[in-house]
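So this one's protein38.csv, CSV, C-alpha atoms:
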```csv
chain,number,residue,atom,x,y,z
E,1,MET,CA,-74.8,3.8,-151.2
E,2,SER,CA,-72.6,4.7,-148.3
E,3,ASP,CA,-73.4,4.6,-144.6
E,4,ASP,CA,-72.9,8.4,-144.5
E,5,TYR,CA,-75.6,8.9,-147.1
E,6,LEU,CA,-78.0,6.6,-145.2
E,7,LEU,CA,-77.4,8.5,-141.9
E,8,ALA,CA,-77.9,11.8,-143.7
E,9,ALA,CA,-81.1,10.6,-145.2
E,10,LEU,CA,-82.3,9.5,-141.8
E,11,ARG,CA,-81.4,13.0,-140.4
E,12,VAL,CA,-83.3,14.8,-143.2
E,13,ALA,CA,-86.3,12.5,-142.7
E,14,ALA,CA,-86.2,12.9,-138.9
E,15,GLY,CA,-86.2,16.7,-139.2
E,16,THR,CA,-83.0,17.0,-137.3
E,17,ASP,CA,-81.3,18.2,-140.4
E,18,PRO,CA,-84.2,19.7,-142.3
E,19,MET,CA,-83.5,21.3,-145.7
E,20,PRO,CA,-83.5,25.0,-145.0
E,21,ALA,CA,-86.4,26.9,-146.6
E,22,ARG,CA,-84.1,29.1,-148.6
E,23,VAL,CA,-82.6,26.0,-150.3
E,24,ALA,CA,-86.0,25.1,-151.7
E,25,ALA,CA,-86.6,28.7,-152.6
E,26,ASP,CA,-83.3,29.0,-154.4
E,27,ALA,CA,-84.2,25.8,-156.3
E,28,ARG,CA,-87.5,27.2,-157.4
E,29,GLY,CA,-85.8,30.5,-158.2
E,30,ALA,CA,-83.4,28.8,-160.6
E,31,PHE,CA,-86.3,28.4,-163.0
E,32,GLY,CA,-86.3,32.2,-163.6
E,33,LEU,CA,-82.6,32.0,-164.6
E,34,HIS,CA,-83.4,30.0,-167.7
E,35,LEU,CA,-82.4,32.0,-170.9
E,36,PRO,CA,-84.3,30.8,-173.9
E,37,GLY,CA,-82.1,30.2,-176.9
E,38,ALA,CA,-78.8,30.9,-175.0
E,39,VAL,CA,-75.6,29.1,-175.7
E,40,THR,CA,-73.2,28.2,-172.8
E,41,ALA,CA,-69.6,29.4,-172.8
E,42,THR,CA,-67.5,26.9,-171.0
E,43,PRO,CA,-64.4,27.5,-168.9
E,44,VAL,CA,-61.1,27.4,-170.8
E,45,ALA,CA,-57.6,27.7,-169.5
E,46,VAL,CA,-56.2,31.1,-168.9
E,47,PRO,CA,-52.7,31.6,-170.2
E,48,PRO,CA,-50.2,31.4,-167.3
E,49,ALA,CA,-49.5,34.7,-165.7
E,50,PRO,CA,-46.2,36.4,-166.3
E,51,ALA,CA,-43.7,36.5,-163.4
E,52,GLY,CA,-45.0,38.9,-160.9
E,53,GLY,CA,-48.6,38.1,-161.8
E,54,TYR,CA,-50.9,40.1,-164.1
E,55,GLY,CA,-50.6,43.2,-162.1
E,56,THR,CA,-54.3,43.3,-161.5
E,57,ARG,CA,-54.1,44.2,-157.9
E,58,SER,CA,-51.3,46.7,-157.9
E,59,GLY,CA,-50.2,47.1,-161.5
E,60,THR,CA,-51.5,49.6,-164.0
E,61,ARG,CA,-53.8,49.1,-166.9
E,62,ALA,CA,-50.9,49.6,-169.2
E,63,ASP,CA,-49.0,46.8,-167.4
E,64,ARG,CA,-51.8,44.5,-168.1
E,65,ARG,CA,-52.2,45.5,-171.7
E,66,SER,CA,-48.5,44.8,-172.3
E,67,TYR,CA,-49.3,41.1,-171.5
E,68,GLN,CA,-52.7,40.8,-173.0
E,69,ASP,CA,-56.0,42.6,-173.0
E,70,LEU,CA,-57.3,42.0,-169.6
E,71,PRO,CA,-60.2,43.8,-168.1
E,72,THR,CA,-60.2,47.1,-166.5
E,73,ARG,CA,-61.0,46.8,-162.8
E,74,ILE,CA,-63.0,48.8,-160.4
E,75,TRP,CA,-62.6,47.6,-156.8
E,76,SER,CA,-65.0,48.9,-154.3
E,77,ASP,CA,-64.3,50.2,-150.8
E,78,GLY,CA,-63.6,47.6,-148.2
E,79,CYS,CA,-62.1,45.2,-150.8
E,80,PRO,CA,-58.5,44.9,-149.7
E,81,LEU,CA,-56.0,45.4,-152.5
E,82,ASP,CA,-54.0,42.3,-151.4
E,83,GLY,CA,-57.2,40.2,-151.2
E,84,GLU,CA,-58.0,37.2,-153.3
E,85,SER,CA,-58.7,37.7,-157.0
E,86,ARG,CA,-59.4,35.1,-159.6
E,87,LEU,CA,-59.2,35.3,-163.4
E,88,LEU,CA,-61.6,33.2,-165.4
E,89,ARG,CA,-62.0,32.7,-169.1
E,90,PHE,CA,-65.1,31.3,-170.9
E,91,ALA,CA,-65.4,30.6,-174.6
E,92,VAL,CA,-67.9,29.4,-177.2
E,93,ASP,CA,-68.2,29.8,-181.0
E,94,GLY,CA,-65.4,32.3,-181.3
E,95,LEU,CA,-66.5,34.5,-178.5
E,96,THR,CA,-64.4,34.8,-175.3
E,97,ILE,CA,-65.5,36.3,-172.1
E,98,ASP,CA,-62.8,37.1,-169.5
E,99,VAL,CA,-63.8,37.8,-166.0
E,100,GLU,CA,-61.7,38.8,-163.1
E,101,VAL,CA,-63.3,38.8,-159.6
E,102,ALA,CA,-61.9,40.4,-156.5
E,103,ILE,CA,-63.3,38.6,-153.4
E,104,CYS,CA,-64.0,40.8,-150.4
E,105,ASP,CA,-65.3,39.9,-147.0
E,106,SER,CA,-68.9,40.7,-147.7
E,107,HIS,CA,-69.2,40.8,-151.4
E,108,PHE,CA,-67.2,40.6,-154.6
E,109,ASP,CA,-66.3,43.0,-157.4
E,110,LEU,CA,-66.0,42.1,-161.0
E,111,ALA,CA,-64.3,43.3,-164.2
E,112,GLY,CA,-64.4,41.7,-167.5
E,113,GLN,CA,-63.9,41.9,-171.2
E,114,VAL,CA,-65.6,40.4,-174.3
E,115,HIS,CA,-63.4,39.3,-177.2
E,116,PRO,CA,-63.6,40.1,-180.0
E,117,ALA,CA,-64.7,43.7,-179.2
E,118,PRO,CA,-68.5,43.7,-179.5
E,119,GLY,CA,-70.4,45.8,-181.9
E,120,GLU,CA,-73.0,48.5,-181.2
E,121,GLY,CA,-76.0,47.5,-179.2
E,122,THR,CA,-74.2,44.8,-177.2
E,123,ARG,CA,-75.0,44.6,-173.5
E,124,VAL,CA,-73.6,42.4,-170.8
E,125,GLU,CA,-75.7,41.0,-168.1
E,126,ILE,CA,-73.9,40.1,-164.9
E,127,ARG,CA,-76.1,37.6,-163.0
E,128,THR,CA,-76.2,36.0,-159.6
E,129,PRO,CA,-79.3,34.1,-158.5
E,130,TYR,CA,-80.4,37.2,-156.6
E,131,VAL,CA,-79.0,40.2,-158.4
E,132,SER,CA,-78.7,41.0,-162.1
E,133,LYS,CA,-76.8,44.1,-163.4
E,134,VAL,CA,-76.7,45.3,-167.0
E,135,ARG,CA,-73.6,47.0,-168.4
E,136,TYR,CA,-72.9,48.4,-171.9
E,137,PRO,CA,-69.3,47.4,-172.6
E,138,SER,CA,-66.7,49.9,-173.9
E,139,GLU,CA,-65.5,49.8,-177.5
E,140,ALA,CA,-62.8,47.5,-176.3
E,141,GLY,CA,-65.5,45.2,-174.8
E,142,GLU,CA,-64.7,46.1,-171.1
E,143,PHE,CA,-67.3,46.1,-168.4
E,144,ALA,CA,-67.2,46.1,-164.6
E,145,THR,CA,-69.4,46.2,-161.5
E,146,THR,CA,-69.1,46.0,-157.7
E,147,GLY,CA,-70.9,44.8,-154.7
E,148,LEU,CA,-72.1,41.4,-155.9
E,149,PRO,CA,-73.2,38.9,-153.2
E,150,HIS,CA,-71.0,35.8,-152.7
E,151,GLY,CA,-72.3,32.7,-154.5
E,152,TRP,CA,-73.0,31.7,-158.0
E,153,LEU,CA,-72.1,34.0,-161.0
E,154,SER,CA,-72.8,33.9,-164.7
E,155,VAL,CA,-72.1,36.6,-167.3
E,156,VAL,CA,-74.3,36.9,-170.3
E,157,CYS,CA,-73.4,38.7,-173.5
E,158,HIS,CA,-76.3,39.9,-175.6
E,159,ARG,CA,-75.4,40.9,-179.1
E,160,PRO,CA,-77.8,42.0,-181.8
E,161,ALA,CA,-78.6,39.2,-184.3
E,162,HIS,CA,-76.9,36.6,-182.1
E,163,PRO,CA,-78.2,34.3,-179.5
E,164,PRO,CA,-77.2,35.3,-176.0
E,165,VAL,CA,-74.0,33.7,-174.7
E,166,ALA,CA,-74.0,32.8,-171.0
E,167,THR,CA,-70.9,31.7,-169.1
E,168,ARG,CA,-71.2,28.5,-167.1
E,169,TRP,CA,-72.3,29.2,-163.5
E,170,HIS,CA,-69.2,29.7,-161.3
E,171,ARG,CA,-69.0,29.8,-157.5
E,172,VAL,CA,-67.4,32.8,-156.0
E,173,ARG,CA,-66.8,32.6,-152.3
E,174,PRO,CA,-63.9,33.5,-150.1
R,175,MET,CA,-76.7,24.5,-178.7
R,176,PRO,CA,-79.8,26.3,-177.5
R,177,TYR,CA,-80.9,24.9,-174.2
R,178,ASP,CA,-84.6,25.7,-174.0
R,179,HIS,CA,-85.8,22.8,-176.0
R,180,GLY,CA,-88.7,21.3,-174.1
R,181,PHE,CA,-87.8,23.2,-170.9
R,182,PRO,CA,-90.5,22.6,-168.3
R,183,ASP,CA,-92.9,25.3,-167.2
R,184,GLU,CA,-92.8,26.8,-163.8
R,185,ILE,CA,-95.3,24.4,-162.2
R,186,ALA,CA,-93.4,21.4,-163.5
R,187,TRP,CA,-90.2,22.9,-162.2
R,188,ARG,CA,-91.6,23.3,-158.8
R,189,GLY,CA,-92.7,19.7,-158.9
R,190,LEU,CA,-89.1,18.7,-159.6
R,191,VAL,CA,-88.0,20.7,-156.6
R,192,GLU,CA,-90.6,19.1,-154.4
R,193,ARG,CA,-89.8,15.6,-155.6
R,194,PHE,CA,-86.0,15.7,-155.6
R,195,GLY,CA,-84.9,18.6,-153.3
R,196,TYR,CA,-84.7,16.6,-150.1
R,197,ARG,CA,-82.7,13.8,-151.6
R,198,MET,CA,-80.2,16.3,-153.1
R,199,TRP,CA,-79.9,18.0,-149.7
R,200,ALA,CA,-79.2,14.6,-148.0
R,201,VAL,CA,-76.6,13.8,-150.6
R,202,ALA,CA,-74.8,17.1,-150.1
R,203,ARG,CA,-74.9,16.7,-146.3
R,204,ALA,CA,-73.6,13.2,-146.6
R,205,TYR,CA,-70.4,14.6,-147.9
R,206,GLY,CA,-69.9,16.4,-144.6
R,207,LEU,CA,-70.6,19.9,-146.1
R,208,SER,CA,-71.7,22.6,-143.8
R,209,PRO,CA,-75.3,23.8,-144.3
R,210,SER,CA,-74.1,26.8,-146.3
R,211,ASP,CA,-71.8,24.7,-148.6
R,212,ALA,CA,-74.5,22.1,-149.0
R,213,ALA,CA,-76.9,24.8,-150.0
R,214,ASP,CA,-74.4,25.9,-152.7
R,215,ALA,CA,-74.0,22.3,-154.0
R,216,VAL,CA,-77.8,21.8,-154.3
R,217,GLN,CA,-78.2,25.2,-155.9
R,218,ALA,CA,-75.4,24.4,-158.4
R,219,ALA,CA,-77.2,21.2,-159.4
R,220,TRP,CA,-80.3,23.2,-160.2
R,221,LEU,CA,-78.3,25.8,-162.2
R,222,ARG,CA,-76.6,23.0,-164.1
R,223,LEU,CA,-80.0,21.7,-165.0
R,224,VAL,CA,-81.0,25.1,-166.3
R,225,GLU,CA,-77.9,25.1,-168.5
R,226,ASN,CA,-78.1,21.4,-169.6
R,227,TYR,CA,-81.7,20.5,-169.7
R,228,HIS,CA,-81.5,19.9,-173.4
R,229,SER,CA,-78.8,17.3,-172.9
R,230,VAL,CA,-80.7,15.2,-170.3
R,231,ARG,CA,-81.9,12.6,-172.8
R,232,ASP,CA,-83.9,10.4,-170.4
R,233,LEU,CA,-86.3,12.5,-168.4
R,234,ASP,CA,-87.2,9.4,-166.4
R,235,ARG,CA,-83.7,9.5,-165.0
R,236,LEU,CA,-83.8,13.2,-164.1
R,237,GLY,CA,-83.7,12.4,-160.4
R,238,ALA,CA,-80.6,10.3,-160.8
R,239,TRP,CA,-79.0,13.1,-162.9
R,240,LEU,CA,-79.8,15.7,-160.2
R,241,VAL,CA,-78.4,13.5,-157.4
R,242,THR,CA,-75.2,12.7,-159.4
R,243,THR,CA,-74.7,16.4,-160.2
R,244,THR,CA,-75.2,17.3,-156.6
R,245,ARG,CA,-72.7,14.7,-155.6
R,246,HIS,CA,-70.1,16.1,-158.1
R,247,GLU,CA,-70.7,19.6,-156.9
R,248,ALA,CA,-70.4,18.6,-153.3
R,249,ILE,CA,-67.1,16.8,-154.0
R,250,ARG,CA,-65.8,19.9,-155.8
R,251,ILE,CA,-66.8,22.2,-152.9
R,252,GLY,CA,-65.5,19.8,-150.3
R,253,LYS,CA,-62.2,19.5,-152.0
R,254,LYS,CA,-61.9,23.3,-152.2
R,255,ARG,CA,-62.7,23.6,-148.6
R,256,GLY,CA,-60.3,20.7,-147.8
R,257,ASP,CA,-62.7,19.5,-145.1
R,258,GLN,CA,-64.4,16.5,-146.5
R,259,LEU,CA,-65.3,13.7,-144.1
R,260,PRO,CA,-62.2,11.8,-143.3
R,261,GLY,CA,-62.1,8.5,-145.2
R,262,LEU,CA,-64.9,9.4,-147.6
R,263,PRO,CA,-64.1,8.2,-151.1
R,264,ASP,CA,-63.7,10.7,-153.9
R,265,ASP,CA,-66.8,9.3,-155.5
R,266,LEU,CA,-69.6,7.3,-154.0
R,267,PRO,CA,-71.2,4.6,-156.0
R,268,ALA,CA,-73.9,5.9,-158.4
R,269,SER,CA,-77.3,6.1,-156.8
R,270,ASP,CA,-79.2,4.4,-159.6
R,271,GLY,CA,-81.3,1.5,-158.4
R,272,ASP,CA,-80.3,2.0,-154.8
R,273,PRO,CA,-83.5,1.7,-152.8
R,274,VAL,CA,-82.4,4.4,-150.4
R,275,ALA,CA,-81.1,6.8,-153.0
R,276,VAL,CA,-84.4,6.6,-155.0
R,277,MET,CA,-86.4,7.6,-151.9
R,278,LEU,CA,-86.8,10.5,-149.6
R,279,THR,CA,-90.0,12.2,-150.4
R,280,GLU,CA,-91.8,12.9,-147.1
R,281,ASP,CA,-93.6,9.6,-147.4
R,282,GLU,CA,-90.5,7.7,-148.1
R,283,GLY,CA,-88.8,9.3,-145.1
R,284,ARG,CA,-91.6,7.9,-143.0
R,285,ARG,CA,-91.0,4.4,-144.4
R,286,LEU,CA,-87.3,4.7,-143.7
R,287,TRP,CA,-88.0,5.5,-140.1
R,288,ALA,CA,-90.6,2.7,-139.9
R,289,ALA,CA,-87.9,0.3,-141.0
R,290,VAL,CA,-85.6,1.6,-138.2
R,291,ASP,CA,-88.3,0.8,-135.8
R,292,THR,CA,-88.3,-2.8,-136.9
R,293,LEU,CA,-84.6,-3.3,-136.1
R,294,ARG,CA,-83.7,-5.0,-132.9
R,295,GLU,CA,-81.8,-3.4,-130.1
R,296,PRO,CA,-79.2,-2.0,-129.9
R,297,CYS,CA,-79.6,-1.0,-133.6
R,298,ARG,CA,-82.8,0.9,-133.0
R,299,SER,CA,-81.4,3.0,-130.2
R,300,LEU,CA,-78.0,3.4,-131.7
R,301,LEU,CA,-79.3,4.7,-135.0
R,302,ARG,CA,-81.7,7.0,-133.2
R,303,LEU,CA,-78.9,8.4,-131.2
R,304,LEU,CA,-76.5,8.8,-134.1
R,305,VAL,CA,-79.2,10.7,-136.0
R,306,THR,CA,-80.8,12.8,-133.4
R,307,ALA,CA,-77.7,13.6,-131.4
R,308,PRO,CA,-74.9,13.8,-134.0
R,309,GLU,CA,-72.8,15.8,-131.6
R,310,ALA,CA,-72.7,12.9,-129.2
R,311,GLY,CA,-69.3,11.2,-129.2
R,312,TYR,CA,-68.7,7.5,-129.0
R,313,ALA,CA,-67.9,7.8,-125.3
R,314,GLN,CA,-71.3,9.4,-124.6
R,315,ILE,CA,-73.1,6.8,-126.8
R,316,SER,CA,-71.2,4.0,-124.9
R,317,ARG,CA,-72.5,5.3,-121.6
R,318,ARG,CA,-76.0,5.8,-122.8
R,319,LEU,CA,-76.3,2.4,-124.4
R,320,ASP,CA,-74.0,0.5,-122.1
R,321,MET,CA,-71.9,-0.7,-124.9
R,322,PRO,CA,-68.1,-1.0,-125.1
R,323,ILE,CA,-66.7,1.9,-127.1
R,324,GLY,CA,-64.8,-0.4,-129.4
R,325,SER,CA,-68.0,-2.1,-130.5
R,326,ILE,CA,-69.9,1.0,-131.5
R,327,GLY,CA,-68.3,1.4,-135.0
R,328,PRO,CA,-68.8,-2.2,-136.1
R,329,THR,CA,-72.3,-2.3,-134.6
R,330,ARG,CA,-73.2,0.9,-136.5
R,331,GLY,CA,-72.0,-0.7,-139.7
R,332,ARG,CA,-74.1,-3.9,-139.1
R,333,CYS,CA,-77.2,-1.9,-138.2
R,334,LEU,CA,-77.0,0.2,-141.4
R,335,LYS,CA,-76.5,-2.9,-143.4
R,336,ARG,CA,-79.6,-4.5,-141.9
R,337,LEU,CA,-81.6,-1.3,-142.5
R,338,ARG,CA,-80.5,-1.3,-146.1
R,339,SER,CA,-81.6,-4.9,-146.6
R,340,ILE,CA,-85.0,-4.2,-145.1
R,341,MET,CA,-85.4,-1.3,-147.6
R,342,GLU,CA,-84.3,-3.6,-150.4
R,343,GLU,CA,-86.9,-6.2,-149.4
R,344,GLN,CA,-89.6,-3.6,-149.4
R,345,GLN,CA,-88.6,-2.6,-153.0
R,346,ARG,CA,-89.1,-6.1,-154.3
```
Would you write out, as structure tokens, the structure that this file holds?
Amino acid sequence: MSDDYLLAALRVAAGTDPMPARVAADARGAFGLHLPGAVTATPVAVPPAPAGGYGTRSGTRADRRSYQDLPTRIWSDGCPLDGESRLLRFAVDGLTIDVEVAICDSHFDLAGQVHPAPGEGTRVEIRTPYVSKVRYPSEAGEFATTGLPHGWLSVVCHRPAHPPVATRWHRVRP
Amino acid sequence: MPYDHGFPDEIAWRGLVERFGYRMWAVARAYGLSPSDAADAVQAAWLRLVENYHSVRDLDRLGAWLVTTTRHEAIRIGKKRGDQLPGLPDDLPASDGDPVAVMLTEDEGRRLWAAVDTLREPCRSLLRLLVTAPEAGYAQISRRLDMPIGSIGPTRGRCLKRLRSIMEEQQR
């Protein structure tokens, strides 16, 4: 083990670098994020963007659809249009969840789409360790939300007669 | 695959946090991450455990799994930030079997410091200074301990090596 680890261990043990209380609280809180019976959708490569990008920041929905079915976005106030956005794709067992996040100074916004288009009764749960929001996707499988706290994110698709599908936890920070 | 097979109850989970949390924090901080990024790395490891509990075959090695996962997440976050400690290798050796890596409950932290107290000078003072005043530069340490600046780095290495062997002897 490296000298750096040994010194870090000494600092923790000396109380000069104590583990913040919220780190332990978050660790305990992770227990509540367990989803019985869920399957994990893992990240897969997103097809390369066309020249000029996806048009997600300044383009129209039609522009995006001409390339592929990417999610509708709703960006909140205070989220600059030229700010950072990130497109992620997760898949498992024939289900794909696309997620686009726009990272603002104090929070992030999210739009996504479930493929294939989900049937009736499907709901999407957008989870961070601190906030959970439920959305009922459109017929095309689109969903969106705003004002999520920076940090870890997972999207769960609940479909009738199927186990929940949860995307792998992904870190969203500026 | 469903990931709730044999998932621990809340009391057992809290026990895991108590047992391994400090060690995970030390690992993340050893990678030079800020407190905020280190918190993300530790939280990531717990979230990965929630996702992957079913695949951890040997529960006796859960501590090693958590430490390794924290290390990987810390590397990932450090690379993204581009501010890893200079000279730190991409991957540190696995912690399995390392007497320091398998410690760091409160009790074990006390034993670690007791081992520091058995070191001769200047090791004892040097390590205390490095740990309790991490902001002190080598020039300041040189003045405080009356040591040539050029000898601080090599002495630090020798002192930590000696500390490690004391811990190894205790494990036997």
Next item on the list: Determine, counting only C-alpha atoms, which protein, DNA and RNA residues have an atom within 7 Å of an atom of segment 2-9 of chain E; residues of the same chain fewer than 4 positions away are not included. Present the result as a VMD selection string.
Entry: (chain E and resid 13) or (chain R and resid 200 to 201 203 to 204 266 305 334)
Write out, as a CSV table (one decimal), keeping the file's coordinate frame, the residues just selected, with C-alpha atoms.
```csv
chain,number,residue,atom,x,y,z
E,13,ALA,CA,-86.3,12.5,-142.7
R,200,ALA,CA,-79.2,14.6,-148.0
R,201,VAL,CA,-76.6,13.8,-150.6
R,203,ARG,CA,-74.9,16.7,-146.3
R,204,ALA,CA,-73.6,13.2,-146.6
R,266,LEU,CA,-69.6,7.3,-154.0
R,305,VAL,CA,-79.2,10.7,-136.0
R,334,LEU,CA,-77.0,0.2,-141.4
```
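Using all atoms listed in the file for every distance, the candidate list R:Arg250, R:Arg255, R:Arg332, R:Arg284 yields R:Arg284 as the residue closest to chain E.
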Checklist line | Separation of atom CA of Ser138 of chain E from atom CA of Gly32 of chain E in Å | finding: 28.3 Å
Note to self: So that I can check the surroundings of segment 36-38 of chain E, please list as a ChimeraX atom specification every protein, DNA and RNA residue that reaches within 12 Å of it, counting all atoms listed in the file and ignoring chain neighbours fewer than 2 positions away.
What the structure shows: /E:31-34,40-41,92,155-159,162-168 /R:175-182,224-228
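Atom CA of Ala91 of chain E is found 6.6 Å from atom CA of Val44 of chain E.
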Next item on the list: Excluding Ala202 of chain R and residues on its chain fewer than 2 positions from it, collect all residues at most 9 Å away from it, counting all atoms listed in the file, and give them as a ChimeraX atom specification.
Entry: /E:5,8 /R:197-200,204-209,211-213,215-216,241,244-245,247-249
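Nearest to Val124 of chain E of all the residues E:Thr146, E:Thr42, E:Ser106, E:Ser154 is E:Ser154, counting only C-alpha atoms.
When all atoms listed in the file are used to measure the gap to chain E, the shortest distance among R:Asp234, R:Glu309, R:Glu282, R:Glu295 belongs to R:Glu282.
Within 10 Å of Trp187 of chain R, once only C-alpha atoms are used and residues closer than 6 positions along the same chain are dropped, the contacting residues are Ala27, Arg28, Gly29, Ala30 and Phe31 of chain E; Phe181 and Arg193 of chain R.
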Selection above as a file: C-alpha atoms, as a compact mmCIF listing (two decimals), keeping the file's coordinate frame:
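Result file again-v8.txt:
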```txt
# COMPACT_ATOMS: atom_id res chain seq x y z
CA ALA E 27 -84.20 25.80 -156.30
CA ARG E 28 -87.50 27.20 -157.40
CA GLY E 29 -85.80 30.50 -158.20
CA ALA E 30 -83.40 28.80 -160.60
CA PHE E 31 -86.30 28.40 -163.00
CA PHE R 181 -87.80 23.20 -170.90
CA ARG R 193 -89.80 15.60 -155.60
```
Notebook entry, point to check: What is the distance between atom CA of Val172 of chain E and atom CA of Thr96 of chain E, in Å to one decimal?
Noted result: 19.6 Å
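With distances restricted to only C-alpha atoms, E:Arg171 is the closest residue to Ile103 of chain E from E:Arg171, E:Arg127, E:Arg22, E:Arg135.
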Next item on the list: Extract, using all atoms listed in the file, all DNA, RNA and protein residues at most 9 Å from Arg173 of chain E, discarding same-chain residues fewer than 4 positions from it, and format them as a PyMOL selection string.
Entry: chain E and resi 103-104+107-108+150-152
Note to self: Here is a test: counting all atoms listed in the file, which residue of R:Gly331, R:Pro296, R:Gly252, R:Gly195 is nearest to Pro20 of chain E?
What the structure shows: R:Gly195
